[in-house]
$ cat my_file.cif   # mmCIF, C-alpha atoms (C1' of nucleotides)
data_model
loop_
_atom_site.label_atom_id
_atom_site.label_comp_id
_atom_site.auth_asym_id
_atom_site.auth_seq_id
_atom_site.Cartn_x
_atom_site.Cartn_y
_atom_site.Cartn_z
CA MET A 1 71.06 111.56 -90.46
CA LYS A 2 74.78 111.94 -90.59
CA ASN A 3 76.06 115.10 -92.25
CA ASN A 4 75.60 114.43 -95.94
CA SER A 5 74.28 110.95 -96.27
CA TYR A 6 71.36 112.28 -98.26
CA LEU A 7 73.85 112.73 -101.09
CA PHE A 8 74.43 109.03 -101.05
CA PHE A 9 70.72 108.36 -101.34
CA LYS A 10 70.45 110.83 -104.18
CA VAL A 11 72.87 108.79 -106.22
CA LEU A 12 70.77 105.70 -105.63
CA SER A 13 67.57 107.45 -106.51
CA THR A 14 67.09 107.15 -110.25
CA GLU A 15 65.72 104.30 -112.29
CA LEU A 16 68.62 104.23 -114.71
CA ARG A 17 71.24 103.99 -112.00
CA ALA A 18 69.19 101.30 -110.30
CA LYS A 19 69.27 99.34 -113.54
CA ILE A 20 73.00 99.80 -113.89
CA ILE A 21 73.46 98.54 -110.35
CA ASP A 22 71.34 95.51 -111.17
CA LEU A 23 73.51 94.65 -114.14
CA LEU A 24 76.71 95.08 -112.19
CA TYR A 25 75.28 93.03 -109.37
CA GLN A 26 75.22 90.08 -111.74
CA LYS A 27 78.72 90.62 -113.05
CA PRO A 28 81.17 93.36 -114.03
CA ARG A 29 80.65 94.94 -117.41
CA THR A 30 82.16 97.43 -119.81
CA VAL A 31 80.51 100.72 -120.63
CA SER A 32 79.47 99.51 -124.05
CA GLN A 33 78.02 96.30 -122.65
CA ILE A 34 75.87 98.27 -120.26
CA THR A 35 74.93 100.65 -123.04
CA LYS A 36 73.80 97.80 -125.24
CA GLU A 37 71.93 95.95 -122.54
CA LEU A 38 70.00 99.01 -121.49
CA GLN A 39 69.48 100.07 -125.09
CA THR A 40 70.49 103.64 -124.59
CA ASP A 41 73.47 105.75 -125.51
CA GLN A 42 77.01 105.62 -124.30
CA SER A 43 77.36 109.15 -123.06
CA LYS A 44 74.39 108.80 -120.78
CA ILE A 45 75.81 105.65 -119.28
CA SER A 46 79.22 107.22 -118.77
CA HIS A 47 77.76 110.23 -117.03
CA ASN A 48 75.76 108.06 -114.70
CA LEU A 49 78.62 105.68 -114.02
CA GLN A 50 80.64 108.64 -112.97
CA LYS A 51 78.11 109.57 -110.31
CA LEU A 52 78.04 106.04 -109.00
CA SER A 53 81.79 106.06 -109.02
CA LEU A 54 82.09 109.31 -107.08
CA CYS A 55 80.23 107.72 -104.21
CA ASN A 56 82.22 104.51 -104.37
CA ILE A 57 79.22 102.51 -105.39
CA VAL A 58 81.11 101.17 -108.36
CA ASN A 59 84.78 100.59 -109.12
CA SER A 60 86.47 100.47 -112.47
CA LYS A 61 89.61 99.30 -114.13
CA ARG A 62 90.95 99.72 -117.62
CA LYS A 63 91.30 96.66 -119.79
CA GLY A 64 92.75 97.58 -123.13
CA LYS A 65 90.47 99.96 -124.86
CA THR A 66 87.58 99.14 -122.58
CA LYS A 67 86.88 99.99 -118.98
CA ILE A 68 85.30 97.43 -116.75
CA TYR A 69 82.91 98.61 -114.07
CA SER A 70 82.02 96.48 -111.10
CA LEU A 71 79.77 96.90 -108.11
CA ASN A 72 81.50 97.76 -104.87
CA LYS A 73 79.59 94.98 -103.19
CA LYS A 74 81.12 95.38 -99.78
CA THR A 75 79.84 98.93 -99.67
CA ILE A 76 76.51 98.70 -101.29
CA LEU A 77 75.15 95.22 -100.77
CA PRO A 78 74.16 95.47 -97.12
CA ILE A 79 72.01 98.45 -97.77
CA LEU A 80 70.38 96.97 -100.84
CA ASP A 81 69.68 93.75 -98.99
CA LEU A 82 68.13 95.64 -96.17
CA VAL A 83 65.96 97.70 -98.42
CA ASN A 84 64.93 94.81 -100.59
CA LYS A 85 64.31 92.17 -97.97
CA HIS A 86 62.76 94.12 -95.16
CA PHE A 87 60.62 97.15 -95.28
CA CYS A 88 60.84 98.09 -98.87
CA THR A 89 58.49 95.56 -100.30
CA LEU A 90 55.83 96.80 -98.01
CA CYS A 91 56.87 100.38 -98.15
CA ILE A 92 56.98 100.71 -101.88
CA LYS A 93 53.80 98.81 -102.38
CA GLU A 94 52.16 101.46 -100.28
CA CYS A 95 53.91 104.15 -102.21
CA LYS A 96 52.74 102.77 -105.50
CA ALA A 97 49.24 102.18 -104.31
CA LYS A 98 48.92 105.70 -103.10
CA GLU A 99 50.46 107.13 -106.22
CA GLU A 100 48.22 105.18 -108.52
CA TYR A 101 45.24 106.15 -106.50
CA LYS A 102 46.12 109.81 -106.93
CA MET B 1 67.49 96.46 -107.01
CA LYS B 2 63.98 95.46 -106.32
CA ASN B 3 61.38 96.94 -108.64
CA ASN B 4 60.98 100.49 -107.40
CA SER B 5 63.19 100.84 -104.40
CA TYR B 6 64.91 103.77 -106.04
CA LEU B 7 61.74 105.73 -105.26
CA PHE B 8 62.38 105.11 -101.63
CA PHE B 9 65.90 106.46 -101.93
CA LYS B 10 64.59 109.48 -103.77
CA VAL B 11 62.48 110.44 -100.79
CA LEU B 12 65.54 110.22 -98.56
CA SER B 13 67.65 112.26 -100.91
CA THR B 14 67.15 115.90 -100.01
CA GLU B 15 68.76 117.94 -97.29
CA LEU B 16 65.49 119.30 -95.97
CA ARG B 17 63.92 115.89 -95.59
CA ALA B 18 67.09 114.65 -93.92
CA LYS B 19 66.75 117.47 -91.42
CA ILE B 20 63.11 116.66 -90.80
CA ILE B 21 64.05 113.06 -90.18
CA ASP B 22 66.70 114.17 -87.73
CA LEU B 23 64.21 116.19 -85.76
CA LEU B 24 61.68 113.39 -85.68
CA TYR B 25 64.39 110.98 -84.68
CA GLN B 26 64.72 112.91 -81.43
CA LYS B 27 61.02 113.11 -80.76
CA PRO B 28 57.65 113.51 -82.50
CA ARG B 29 56.73 117.03 -83.46
CA THR B 30 53.93 119.08 -84.94
CA VAL B 31 54.18 120.75 -88.32
CA SER B 32 54.57 124.16 -86.79
CA GLN B 33 57.27 122.98 -84.42
CA ILE B 34 59.26 121.61 -87.33
CA THR B 35 58.61 124.77 -89.27
CA LYS B 36 59.93 126.90 -86.47
CA GLU B 37 62.97 124.75 -85.74
CA LEU B 38 64.03 124.70 -89.36
CA GLN B 39 63.20 128.37 -89.77
CA THR B 40 61.29 127.96 -92.98
CA ASP B 41 57.67 128.10 -93.98
CA GLN B 42 54.84 125.82 -93.17
CA SER B 43 53.72 124.91 -96.63
CA LYS B 44 57.15 123.67 -97.56
CA ILE B 45 57.26 121.48 -94.50
CA SER B 46 53.82 120.09 -95.18
CA HIS B 47 54.68 119.22 -98.76
CA ASN B 48 57.80 117.45 -97.68
CA LEU B 49 56.13 115.64 -94.82
CA GLN B 50 53.66 114.33 -97.29
CA LYS B 51 56.38 112.71 -99.34
CA LEU B 52 57.90 111.14 -96.28
CA SER B 53 54.47 109.97 -95.31
CA LEU B 54 53.71 108.38 -98.67
CA CYS B 55 56.67 106.09 -98.21
CA ASN B 56 55.81 105.30 -94.62
CA ILE B 57 58.90 106.98 -93.36
CA VAL B 58 56.79 109.04 -91.00
CA ASN B 59 53.43 108.53 -89.33
CA SER B 60 51.03 111.13 -88.09
CA LYS B 61 48.08 111.60 -85.82
CA ARG B 62 45.80 114.50 -85.19
CA LYS B 63 45.83 116.11 -81.79
CA GLY B 64 43.35 118.89 -81.61
CA LYS B 65 44.19 121.49 -84.16
CA THR B 66 47.69 120.18 -84.57
CA LYS B 67 49.03 117.10 -86.27
CA ILE B 68 51.89 115.22 -84.70
CA TYR B 69 54.40 113.58 -86.98
CA SER B 70 56.70 110.83 -85.80
CA LEU B 71 59.44 108.77 -87.38
CA ASN B 72 58.48 105.25 -88.37
CA LYS B 73 61.54 103.98 -86.60
CA LYS B 74 60.95 100.33 -87.23
CA THR B 75 61.05 101.01 -90.95
CA ILE B 76 63.69 103.58 -91.28
CA LEU B 77 66.17 103.13 -88.47
CA PRO B 78 67.97 100.03 -89.70
CA ILE B 79 68.83 101.67 -92.96
CA LEU B 80 69.94 104.92 -91.40
CA ASP B 81 72.11 103.05 -88.92
CA LEU B 82 73.68 101.09 -91.68
CA VAL B 83 74.40 104.13 -93.76
CA ASN B 84 75.66 106.19 -90.87
CA LYS B 85 77.78 103.63 -89.09
CA HIS B 86 79.35 101.72 -91.89
CA PHE B 87 80.32 102.79 -95.32
CA CYS B 88 78.86 106.22 -95.43
CA THR B 89 81.39 108.07 -93.42
CA LEU B 90 84.04 106.93 -95.77
CA CYS B 91 81.91 107.08 -98.80
CA ILE B 92 80.63 110.58 -98.38
CA LYS B 93 84.01 111.88 -97.38
CA GLU B 94 85.20 110.72 -100.74
CA CYS B 95 82.20 112.26 -102.39
CA LYS B 96 82.81 115.59 -100.78
CA ALA B 97 86.52 115.54 -101.39
CA LYS B 98 86.03 114.89 -105.04
CA GLU B 99 83.32 117.47 -105.36
CA GLU B 100 85.34 120.13 -103.65
CA TYR B 101 88.31 119.27 -105.76
CA LYS B 102 86.27 119.83 -108.89
"C1'" DA C 1 101.95 108.80 -137.09
"C1'" DC C 2 97.48 107.51 -138.56
"C1'" DT C 3 93.16 105.04 -137.98
"C1'" DA C 4 89.62 102.86 -135.48
"C1'" DC C 5 87.27 101.80 -131.48
"C1'" DA C 6 85.99 102.74 -126.44
"C1'" DT C 7 85.06 105.92 -123.08
"C1'" DA C 8 84.90 110.63 -121.01
"C1'" DT C 9 83.65 115.33 -120.82
"C1'" DG C 10 81.58 120.06 -121.43
"C1'" DA C 11 77.78 122.89 -122.78
"C1'" DT C 12 73.13 123.40 -123.32
"C1'" DA C 13 68.52 121.73 -123.78
"C1'" DT C 14 65.07 119.23 -121.47
"C1'" DC C 15 62.84 117.42 -117.81
"C1'" DT C 16 61.66 116.71 -112.94
"C1'" DC C 17 61.42 118.11 -108.37
"C1'" DT C 18 61.00 121.61 -104.96
"C1'" DT C 19 59.51 125.95 -103.44
"C1'" DT C 20 56.36 129.57 -103.29
"C1'" DC C 21 52.01 131.78 -103.08
"C1'" DA C 22 47.26 131.86 -102.59
"C1'" DT C 23 43.67 129.52 -100.87
"C1'" DA C 24 41.10 125.60 -98.85
"C1'" DT C 25 40.09 122.47 -95.17
"C1'" DG C 26 39.88 121.08 -90.33
"C1'" DA C 27 39.40 121.75 -85.44
"C1'" DA C 28 38.54 124.26 -81.34
"C1'" DA C 29 36.91 128.22 -78.80
"C1'" DA C 30 33.99 132.14 -78.16
"C1'" DT D 1 28.17 130.09 -86.59
"C1'" DT D 2 31.90 133.05 -86.72
"C1'" DT D 3 36.58 133.64 -85.67
"C1'" DT D 4 41.10 131.98 -85.10
"C1'" DC D 5 44.80 128.90 -85.35
"C1'" DA D 6 46.95 124.70 -87.62
"C1'" DT D 7 47.68 122.14 -91.53
"C1'" DA D 8 46.92 120.75 -96.41
"C1'" DT D 9 46.67 121.44 -101.24
"C1'" DG D 10 46.88 123.12 -106.19
"C1'" DA D 11 49.10 125.79 -109.61
"C1'" DA D 12 52.86 128.23 -111.25
"C1'" DA D 13 57.56 129.70 -110.66
"C1'" DG D 14 62.12 128.53 -109.75
"C1'" DA D 15 65.97 125.45 -109.07
"C1'" DG D 16 68.38 121.44 -109.86
"C1'" DA D 17 69.31 117.10 -112.15
"C1'" DT D 18 69.50 114.36 -116.32
"C1'" DA D 19 69.85 113.69 -121.27
"C1'" DT D 20 71.67 115.01 -125.52
"C1'" DC D 21 75.01 116.41 -128.78
"C1'" DA D 22 79.42 117.44 -130.26
"C1'" DT D 23 83.90 116.70 -129.34
"C1'" DA D 24 88.00 115.26 -126.70
"C1'" DT D 25 90.85 111.77 -124.70
"C1'" DG D 26 92.76 107.25 -124.33
"C1'" DT D 27 94.30 102.76 -126.15
"C1'" DA D 28 95.67 99.51 -129.52
"C1'" DG D 29 96.72 98.04 -134.03
"C1'" DT D 30 98.73 99.08 -138.50
#

$ encode --input "my_file.cif" --output "C-alpha cells"
Amino acid sequence: MKNNSYLFFKVLSTELRAKIIDLLYQKPRTVSQITKELQTDQSKISHNLQKLSLCNIVNSKRKGKTKIYSLNKKTILPILDLVNKHFCTLCIKECKAKEEYK
Amino acid sequence: MKNNSYLFFKVLSTELRAKIIDLLYQKPRTVSQITKELQTDQSKISHNLQKLSLCNIVNSKRKGKTKIYSLNKKTILPILDLVNKHFCTLCIKECKAKEEYK
DNA sequence: ACTACATATGATATCTCTTTCATATGAAAA
DNA sequence: TTTTCATATGAAAGAGATATCATATGTAGT
C-alpha cells in the first residue's frame, strides 16, 4: 500500500463522516444545513469537515456568512463506486454476520 | 456511502495492517513469518489478521502447525490500485503537507 | 463600531481501538 | 500422552481519535 494511504482510509472510516459524505453527494451544503440534517451540533460537524477537507475529500467556498461544502467528486467517487458496487456488499455482509454472531 | 462501508475503510486504516497487506501482496505468509518481518510480537499480528479476515481482506488455511494467510486479491486489489495510482498520491501529499505545517 | 449570525478552533473529557500479557487451543513429533 | 512449536483469544492497560464546551474569528447589516 503506497506510503500513507492508510491515512486516507482513516478519514473515511467513521459513521459520521460517511453520513456527511452522503449528504454532500446529493448536493453541496452549508455547515449549519449539515448540522441540522444530522441533528447534531455545529462544532462536531466543523471538526469533521476539517478532516475531510485536509484529505481533499471535500472542498469549500465562502458565501456571505456561510461556507458551502461540496464533495470532491472527481477524487472520491471512483473509490466509493468501487466499494459500493463490487465487493463491499458481500464483504460487509460477512463482516456484519460475523460480528452479530459474536 | 452504502450502509456500513465505513467499517471496511476502518479495517484498512492503520499502519500495521497496511504493512501486513503489503507483505501478503508479495506472497502468502504464516503468522510467524509476518511477525518476524515486521519485528513485532505474534499476538499483535494475530489480532490484526483477525480483523482483516473478518472483512475478507485476507484468507487463511492451515498447513500443519502453521497457518498461511494470503491476500484476497480479487476483493482488495482494485481498491488499492485505485487509491495508489490515482488521487492518493496527490491527496496524501496534501494531507502530509498540511499536517507537517501544523 | 456594535450586534447578530455562521463557522472555526483549542483544551479537555470521553470513548474506541490497539497493544500487551497471560493463557488456551491446535497440530505434529517423540 | 507428553512435549514442543504455532497460533488464537480474553482481559486489562495504554494510546489515539472523537465529542464536548467555551470561546474566537469572520461576515454582514445597522

$ residues_around --input "my_file.cif" --residues "DC15 in chain C" --least-positions-apart "3" --cutoff "10 Å" --atoms "all atoms listed in the file" --output "short mmCIF file (atom, residue, chain, number, x, y, z; two decimals) with C-alpha atoms (C1' of nucleotides), keeping the file's coordinate frame"
data_model
loop_
_atom_site.label_atom_id
_atom_site.label_comp_id
_atom_site.auth_asym_id
_atom_site.auth_seq_id
_atom_site.Cartn_x
_atom_site.Cartn_y
_atom_site.Cartn_z
"C1'" DA D 17 69.31 117.10 -112.15
"C1'" DT D 18 69.50 114.36 -116.32
"C1'" DA D 19 69.85 113.69 -121.27
#

$ resolve_selection --input "my_file.cif" --expression "the PyMOL selection byres ((chain A) within 9 of (chain D))" --output "compact mmCIF listing (two decimals) with C-alpha atoms, keeping the file's coordinate frame"
# COMPACT_ATOMS: atom_id res chain seq x y z
CA SER A 43 77.36 109.15 -123.06
CA LYS A 44 74.39 108.80 -120.78
CA GLY A 64 92.75 97.58 -123.13
CA LYS A 65 90.47 99.96 -124.86
CA THR A 66 87.58 99.14 -122.58

$ interface_residues --input "my_file.cif" --of "chain A" --to "chain B" --cutoff "6 Å" --atoms "only C-alpha atoms" --output "list of chain:residue names"
A:Met1, A:Lys2, A:Tyr6, A:Phe9, A:Lys10, A:Ser13, A:Thr14, A:Asp22, A:Leu54, A:Cys55, A:Thr75, A:Asn84, A:Phe87, A:Cys91, A:Cys95

$ write_last_selection --input "my_file.cif" --atoms "C-alpha atoms" --output "PDB file, in the coordinates of the input"
ATOM      1  CA  MET A   1      71.060 111.560 -90.460  1.00  0.00           C
ATOM      2  CA  LYS A   2      74.780 111.940 -90.590  1.00  0.00           C
ATOM      3  CA  TYR A   6      71.360 112.280 -98.260  1.00  0.00           C
ATOM      4  CA  PHE A   9      70.720 108.360-101.340  1.00  0.00           C
ATOM      5  CA  LYS A  10      70.450 110.830-104.180  1.00  0.00           C
ATOM      6  CA  SER A  13      67.570 107.450-106.510  1.00  0.00           C
ATOM      7  CA  THR A  14      67.090 107.150-110.250  1.00  0.00           C
ATOM      8  CA  ASP A  22      71.340  95.510-111.170  1.00  0.00           C
ATOM      9  CA  LEU A  54      82.090 109.310-107.080  1.00  0.00           C
ATOM     10  CA  CYS A  55      80.230 107.720-104.210  1.00  0.00           C
ATOM     11  CA  THR A  75      79.840  98.930 -99.670  1.00  0.00           C
ATOM     12  CA  ASN A  84      64.930  94.810-100.590  1.00  0.00           C
ATOM     13  CA  PHE A  87      60.620  97.150 -95.280  1.00  0.00           C
ATOM     14  CA  CYS A  91      56.870 100.380 -98.150  1.00  0.00           C
ATOM     15  CA  CYS A  95      53.910 104.150-102.210  1.00  0.00           C
TER      16      CYS A  95
END

$ closest_atom_pairs --input "my_file.cif" --of "chain C" --to "chain B" --cutoff "10 Å" --atoms "only C-alpha atoms (C1' of nucleotides)" --output "tab-separated table"
residue	atom	partner	partner_atom	distance
C:DT18	C1'	B:Lys44	CA	8.6
C:DT19	C1'	B:Lys44	CA	6.7
C:DT20	C1'	B:Lys44	CA	8.3
C:DC21	C1'	B:Ser43	CA	9.6
C:DG26	C1'	B:Lys65	CA	7.5
C:DA27	C1'	B:Lys65	CA	5.0
C:DA28	C1'	B:Lys65	CA	6.9

$ calpha_fit_and_write --input "my_file.cif" --fixed "chain A" --moving "chain B" --output "compact mmCIF listing (two decimals) with C-alpha atoms, in the coordinates of the input"
# COMPACT_ATOMS: atom_id res chain seq x y z
CA MET B 1 71.10 111.56 -90.46
CA LYS B 2 74.79 111.91 -90.61
CA ASN B 3 76.06 115.08 -92.25
CA ASN B 4 75.62 114.41 -95.95
CA SER B 5 74.31 110.92 -96.27
CA TYR B 6 71.38 112.23 -98.24
CA LEU B 7 73.84 112.71 -101.10
CA PHE B 8 74.44 109.02 -101.06
CA PHE B 9 70.73 108.33 -101.31
CA LYS B 10 70.46 110.79 -104.15
CA VAL B 11 72.87 108.75 -106.22
CA LEU B 12 70.76 105.66 -105.61
CA SER B 13 67.56 107.42 -106.50
CA THR B 14 67.10 107.11 -110.24
CA GLU B 15 65.72 104.25 -112.26
CA LEU B 16 68.61 104.19 -114.69
CA ARG B 17 71.23 103.97 -111.98
CA ALA B 18 69.20 101.26 -110.28
CA LYS B 19 69.28 99.31 -113.52
CA ILE B 20 73.01 99.79 -113.87
CA ILE B 21 73.47 98.53 -110.34
CA ASP B 22 71.37 95.50 -111.15
CA LEU B 23 73.52 94.64 -114.12
CA LEU B 24 76.74 95.07 -112.18
CA TYR B 25 75.31 93.02 -109.37
CA GLN B 26 75.27 90.06 -111.74
CA LYS B 27 78.75 90.62 -113.07
CA PRO B 28 81.22 93.37 -114.02
CA ARG B 29 80.67 94.93 -117.40
CA THR B 30 82.16 97.43 -119.80
CA VAL B 31 80.49 100.72 -120.64
CA SER B 32 79.46 99.51 -124.05
CA GLN B 33 78.02 96.29 -122.67
CA ILE B 34 75.87 98.26 -120.26
CA THR B 35 74.93 100.63 -123.03
CA LYS B 36 73.80 97.80 -125.23
CA GLU B 37 71.93 95.92 -122.52
CA LEU B 38 70.00 98.99 -121.47
CA GLN B 39 69.47 100.03 -125.08
CA THR B 40 70.47 103.61 -124.58
CA ASP B 41 73.45 105.72 -125.50
CA GLN B 42 76.97 105.61 -124.28
CA SER B 43 77.34 109.13 -123.05
CA LYS B 44 74.37 108.79 -120.76
CA ILE B 45 75.79 105.64 -119.27
CA SER B 46 79.18 107.23 -118.77
CA HIS B 47 77.71 110.24 -117.01
CA ASN B 48 75.73 108.04 -114.70
CA LEU B 49 78.59 105.69 -114.02
CA GLN B 50 80.59 108.66 -112.97
CA LYS B 51 78.08 109.56 -110.30
CA LEU B 52 78.03 106.03 -109.01
CA SER B 53 81.78 106.08 -109.03
CA LEU B 54 82.07 109.32 -107.08
CA CYS B 55 80.23 107.70 -104.21
CA ASN B 56 82.24 104.51 -104.40
CA ILE B 57 79.23 102.52 -105.39
CA VAL B 58 81.13 101.18 -108.37
CA ASN B 59 84.80 100.62 -109.13
CA SER B 60 86.48 100.48 -112.48
CA LYS B 61 89.63 99.33 -114.17
CA ARG B 62 90.94 99.76 -117.65
CA LYS B 63 91.32 96.72 -119.83
CA GLY B 64 92.73 97.63 -123.15
CA LYS B 65 90.45 100.04 -124.87
CA THR B 66 87.58 99.18 -122.61
CA LYS B 67 86.89 100.03 -119.01
CA ILE B 68 85.31 97.45 -116.77
CA TYR B 69 82.94 98.63 -114.09
CA SER B 70 82.04 96.50 -111.10
CA LEU B 71 79.79 96.90 -108.11
CA ASN B 72 81.51 97.77 -104.86
CA LYS B 73 79.62 95.00 -103.18
CA LYS B 74 81.15 95.39 -99.78
CA THR B 75 79.83 98.94 -99.66
CA ILE B 76 76.53 98.68 -101.30
CA LEU B 77 75.18 95.20 -100.75
CA PRO B 78 74.20 95.46 -97.10
CA ILE B 79 72.01 98.44 -97.77
CA LEU B 80 70.39 96.96 -100.83
CA ASP B 81 69.68 93.74 -98.97
CA LEU B 82 68.14 95.63 -96.15
CA VAL B 83 65.95 97.69 -98.41
CA ASN B 84 64.93 94.78 -100.58
CA LYS B 85 64.30 92.16 -97.94
CA HIS B 86 62.73 94.10 -95.16
CA PHE B 87 60.58 97.14 -95.23
CA CYS B 88 60.78 98.07 -98.84
CA THR B 89 58.44 95.56 -100.29
CA LEU B 90 55.76 96.82 -98.03
CA CYS B 91 56.83 100.37 -98.15
CA ILE B 92 56.99 100.74 -101.88
CA LYS B 93 53.77 98.87 -102.38
CA GLU B 94 52.15 101.54 -100.30
CA CYS B 95 53.94 104.20 -102.25
CA LYS B 96 52.76 102.84 -105.53
CA ALA B 97 49.24 102.24 -104.36
CA LYS B 98 48.91 105.76 -103.16
CA GLU B 99 50.46 107.20 -106.27
CA GLU B 100 48.24 105.22 -108.56
CA TYR B 101 45.25 106.18 -106.52
CA LYS B 102 46.08 109.84 -106.99

$ closest_residue --input "my_file.cif" --among "A:Lys67, A:Lys61, A:Asn72, A:Val31" --to "Ser46 in chain A" --atoms "only C-alpha atoms"
A:Val31

$ atom_distance --input "my_file.cif" --atom1 "CA of Pro28 in chain B" --atom2 "CA of Val58 in chain B"
9.6 Å

$ atom_distance --input "my_file.cif" --atom1 "CA of Thr30 in chain A" --atom2 "CA of Leu71 in chain A"
12.0 Å

$ atom_distance --input "my_file.cif" --atom1 "CA of Gln42 in chain A" --atom2 "C1' of DA1 in chain C"
28.2 Å
